[in-house]
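What follows is the content of final.pdb, which has PDB, C-alpha atoms:
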ATOM      1  CA  MET C   1       7.045  12.199 -23.659
ATOM      2  CA  ALA C   2       3.873  10.455 -22.475
ATOM      3  CA  THR C   3       4.030   7.753 -19.833
ATOM      4  CA  SER C   4       2.341   4.453 -20.671
ATOM      5  CA  ALA C   5      -0.589   3.329 -18.522
ATOM      6  CA  SER C   6       1.254   0.189 -17.410
ATOM      7  CA  ALA C   7       4.345   2.175 -16.379
ATOM      8  CA  THR C   8       2.149   4.575 -14.424
ATOM      9  CA  GLU C   9       0.356   1.652 -12.798
ATOM     10  CA  ASP C  10       3.681   0.073 -11.817
ATOM     11  CA  ASN C  11       5.106   3.209 -10.212
ATOM     12  CA  ARG C  12       2.894   3.063  -7.141
ATOM     13  CA  HIS C  13       4.235   2.691  -3.630
ATOM     14  CA  THR C  14       3.723  -0.927  -2.572
ATOM     15  CA  ILE C  15       3.846  -2.541   0.854
ATOM     16  CA  VAL C  16       4.391  -6.299   0.966
ATOM     17  CA  LEU C  17       2.936  -8.025   4.030
ATOM     18  CA  VAL C  18       4.331 -11.501   4.748
ATOM     19  CA  GLN C  19       3.704 -14.080   7.422
ATOM     20  CA  PHE C  20       6.228 -16.870   6.905
ATOM     21  CA  HIS C  21       4.659 -19.427   9.264
ATOM     22  CA  SER C  22       1.955 -19.728  11.896
ATOM     23  CA  ALA C  23       3.848 -17.792  14.587
ATOM     24  CA  VAL C  24       2.579 -14.228  14.751
ATOM     25  CA  SER C  25       6.180 -13.123  15.283
ATOM     26  CA  SER C  26       6.951 -14.154  11.679
ATOM     27  CA  ARG C  27       4.860 -11.249  10.347
ATOM     28  CA  VAL C  28       6.919  -8.608   8.563
ATOM     29  CA  TYR C  29       6.414  -5.909   6.002
ATOM     30  CA  TYR C  30       8.580  -4.383   3.317
ATOM     31  CA  ASP C  31       7.897  -1.253   1.296
ATOM     32  CA  PHE C  32       8.905  -0.481  -2.283
ATOM     33  CA  PRO C  33       8.565   2.377  -4.759
ATOM     34  CA  SER C  34       6.804   0.207  -7.340
ATOM     35  CA  ILE C  35       4.858  -2.993  -7.901
ATOM     36  CA  SER C  36       7.685  -4.524  -9.944
ATOM     37  CA  ALA C  37      10.219  -3.764  -7.186
ATOM     38  CA  ALA C  38       7.916  -5.543  -4.732
ATOM     39  CA  ALA C  39       7.602  -8.542  -7.080
ATOM     40  CA  GLU C  40      11.389  -8.696  -7.421
ATOM     41  CA  ALA C  41      11.713  -8.620  -3.626
ATOM     42  CA  VAL C  42       9.341 -11.580  -3.255
ATOM     43  CA  CYS C  43      11.627 -13.504  -5.628
ATOM     44  CA  ARG C  44      14.656 -12.445  -3.558
ATOM     45  CA  LEU C  45      12.969 -13.651  -0.348
ATOM     46  CA  PHE C  46      12.534 -17.058  -1.958
ATOM     47  CA  GLU C  47      16.146 -17.083  -3.168
ATOM     48  CA  HIS C  48      17.330 -16.167   0.331
ATOM     49  CA  LYS C  49      15.327 -19.068   1.759
ATOM     50  CA  LEU C  50      16.918 -21.411  -0.800
ATOM     51  CA  GLN C  51      20.402 -20.146   0.087
ATOM     52  CA  GLN C  52      19.749 -20.714   3.782
ATOM     53  CA  SER C  53      18.534 -24.265   3.156
ATOM     54  CA  GLN C  54      21.490 -25.059   0.854
ATOM     55  CA  PRO C  55      24.433 -23.049   2.210
ATOM     56  CA  ASN C  56      27.089 -25.088   0.397
ATOM     57  CA  VAL C  57      25.550 -24.662  -3.060
ATOM     58  CA  ARG C  58      27.264 -21.880  -5.008
ATOM     59  CA  GLU C  59      24.592 -21.375  -7.673
ATOM     60  CA  ILE C  60      20.951 -21.799  -6.738
ATOM     61  CA  ARG C  61      18.599 -22.759  -9.553
ATOM     62  CA  TYR C  62      14.837 -22.939  -9.442
ATOM     63  CA  ASP C  63      11.886 -22.654 -11.734
ATOM     64  CA  VAL C  64       8.794 -20.530 -11.467
ATOM     65  CA  ALA C  65       6.717 -23.487 -10.260
ATOM     66  CA  ASP C  66       9.012 -23.795  -7.208
ATOM     67  CA  LEU C  67       8.616 -20.092  -6.471
ATOM     68  CA  LEU C  68       4.824 -20.186  -6.809
ATOM     69  CA  LYS C  69       4.601 -23.269  -4.586
ATOM     70  CA  TRP C  70       6.649 -21.462  -1.922
ATOM     71  CA  ILE C  71       4.282 -18.487  -2.159
ATOM     72  CA  ASP C  72       1.284 -20.822  -1.808
ATOM     73  CA  ASN C  73       2.832 -22.334   1.321
ATOM     74  CA  LEU C  74       3.361 -18.993   3.067
ATOM     75  CA  THR C  75       0.878 -18.464   5.881
ATOM     76  CA  ASP C  76       0.012 -15.075   4.395
ATOM     77  CA  LEU C  77       1.219 -12.819   1.620
ATOM     78  CA  SER C  78      -0.534  -9.709   0.406
ATOM     79  CA  CYS C  79       0.203  -6.222  -0.845
ATOM     80  CA  LEU C  80      -1.068  -2.763  -0.149
ATOM     81  CA  VAL C  81      -0.695  -0.585  -3.234
ATOM     82  CA  TYR C  82      -1.149   3.163  -3.159
ATOM     83  CA  ASP C  83      -3.890   4.430  -5.447
ATOM     84  CA  PRO C  84      -3.583   8.194  -5.994
ATOM     85  CA  ARG C  85      -7.140   8.368  -7.339
ATOM     86  CA  VAL C  86      -8.533   7.594  -3.877
ATOM     87  CA  PHE C  87      -5.528   8.716  -1.796
ATOM     88  CA  ALA C  88      -5.397   5.322  -0.082
ATOM     89  CA  TYR C  89      -3.689   1.946  -0.123
ATOM     90  CA  LEU C  90      -5.730  -0.831  -1.699
ATOM     91  CA  PRO C  91      -5.244  -4.453  -0.574
ATOM     92  CA  TYR C  92      -4.363  -7.240  -2.992
ATOM     93  CA  PRO C  93      -4.337 -10.973  -2.119
ATOM     94  CA  LYS C  94      -1.770 -13.705  -2.613
ATOM     95  CA  ASP C  95      -3.051 -14.651  -6.101
ATOM     96  CA  TRP C  96      -2.534 -11.067  -7.261
ATOM     97  CA  VAL C  97       1.029 -11.143  -5.895
ATOM     98  CA  LYS C  98       1.691 -14.419  -7.719
ATOM     99  CA  LYS C  99       0.536 -12.825 -10.990
ATOM    100  CA  ARG C 100       2.863  -9.861 -10.453
ATOM    101  CA  VAL C 101       5.764 -12.208  -9.671
ATOM    102  CA  GLN C 102       5.059 -14.107 -12.898
ATOM    103  CA  ASP C 103       4.941 -10.786 -14.808
ATOM    104  CA  TYR C 104       8.290  -9.823 -13.267
ATOM    105  CA  MET C 105       9.865 -13.171 -14.176
ATOM    106  CA  ARG C 106       8.485 -12.877 -17.720
ATOM    107  CA  SER C 107      10.096  -9.410 -17.982
ATOM    108  CA  LEU C 108      13.426 -11.142 -17.280
ATOM    109  CA  GLY C 109      12.799 -13.578 -20.128
ATOM    110  CA  VAL C 110      11.902 -16.508 -17.862
ATOM    111  CA  GLU C 111       9.230 -18.865 -19.178
ATOM    112  CA  THR C 112       6.342 -18.729 -16.725
ATOM    113  CA  SER C 113       3.646 -20.906 -18.280
ATOM    114  CA  LEU C 114       2.717 -23.790 -16.005
TER     115      LEU C 114
END

Would you mind giving the structure from this file in structure tokens?
Amino acid sequence: MATSASATEDNRHTIVLVQFHSAVSSRVYYDFPSISAAAEAVCRLFEHKLQQSQPNVREIRYDVADLLKWIDNLTDLSCLVYDPRVFAYLPYPKDWVKKRVQDYMRSLGVETSL
């Protein structure tokens, strides 16, 4: 069975680089087996932040605009995605990450048009 181009594209090791605020000590990285797993993790980071800010709320609700605004307000967010054609990790900026997060949310059936 042939693998689709988009599935092949998604199954590339991805490193998410985040700086949450101006302090250099807030820089962290996370690695994932695929682009979609990295996009899901960015959503989970936002959900974790919401849970911390509202500890008494049992069910956290948000829309994609809230998530994208949070991403915009991060000091830095980028990804390094492995490209087997060049045997190297290629960098992608915050806007690229936002597009992948929107694609991930759309795959869950969430309306992402703003």

If the PyMOL selection byres ((chain C and resi 95) around 10) is run on the structure shown, which residues does it catch, given as a PyMOL selection string? chain C and resi 68+71-72+77-78+92-94+96-101

Evaluate the PyMOL selection byres ((chain C and resi 38) around 9) and report residues as a PDB file with C-alpha atoms, in the frame of the given file:
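Result saved to part_16.pdb:
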ATOM      1  CA  THR C  14       3.723  -0.927  -2.572  1.00  0.00           C
ATOM      2  CA  ILE C  15       3.846  -2.541   0.854  1.00  0.00           C
ATOM      3  CA  VAL C  16       4.391  -6.299   0.966  1.00  0.00           C
ATOM      4  CA  TYR C  30       8.580  -4.383   3.317  1.00  0.00           C
ATOM      5  CA  ASP C  31       7.897  -1.253   1.296  1.00  0.00           C
ATOM      6  CA  PHE C  32       8.905  -0.481  -2.283  1.00  0.00           C
ATOM      7  CA  PRO C  33       8.565   2.377  -4.759  1.00  0.00           C
ATOM      8  CA  SER C  34       6.804   0.207  -7.340  1.00  0.00           C
ATOM      9  CA  ILE C  35       4.858  -2.993  -7.901  1.00  0.00           C
ATOM     10  CA  SER C  36       7.685  -4.524  -9.944  1.00  0.00           C
ATOM     11  CA  ALA C  37      10.219  -3.764  -7.186  1.00  0.00           C
ATOM     12  CA  ALA C  39       7.602  -8.542  -7.080  1.00  0.00           C
ATOM     13  CA  GLU C  40      11.389  -8.696  -7.421  1.00  0.00           C
ATOM     14  CA  ALA C  41      11.713  -8.620  -3.626  1.00  0.00           C
ATOM     15  CA  VAL C  42       9.341 -11.580  -3.255  1.00  0.00           C
ATOM     16  CA  CYS C  43      11.627 -13.504  -5.628  1.00  0.00           C
ATOM     17  CA  CYS C  79       0.203  -6.222  -0.845  1.00  0.00           C
ATOM     18  CA  VAL C  97       1.029 -11.143  -5.895  1.00  0.00           C
ATOM     19  CA  ARG C 100       2.863  -9.861 -10.453  1.00  0.00           C
ATOM     20  CA  VAL C 101       5.764 -12.208  -9.671  1.00  0.00           C
TER      21      VAL C 101
END

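Compared by their closest atoms to Val18 (chain C), and using only C-alpha atoms, the residues C:Leu74, C:Val86, C:Leu50, C:Val64 rank with C:Leu74 nearest.
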
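CA of Val81 (chain C) is found 6.4 Å from CA of Arg12 (chain C).
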
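The residues returned by the PyMOL selection byres ((chain C and resi 60) around 12) on the shown structure are Arg44, Phe46, Glu47, His48, Lys49, Leu50, Gln51, Gln52, Ser53, Gln54, Pro55, Asn56, Val57, Arg58, Glu59, Arg61, Tyr62 and Asp63 of chain C.
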
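The gap separating CA of Gln19 (chain C) from CA of Asp76 (chain C) is 4.9 Å, in Å to one decimal.
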
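The two atoms in question, CA of Leu67 (chain C) and CA of Arg27 (chain C), are spaced 19.4 Å apart.
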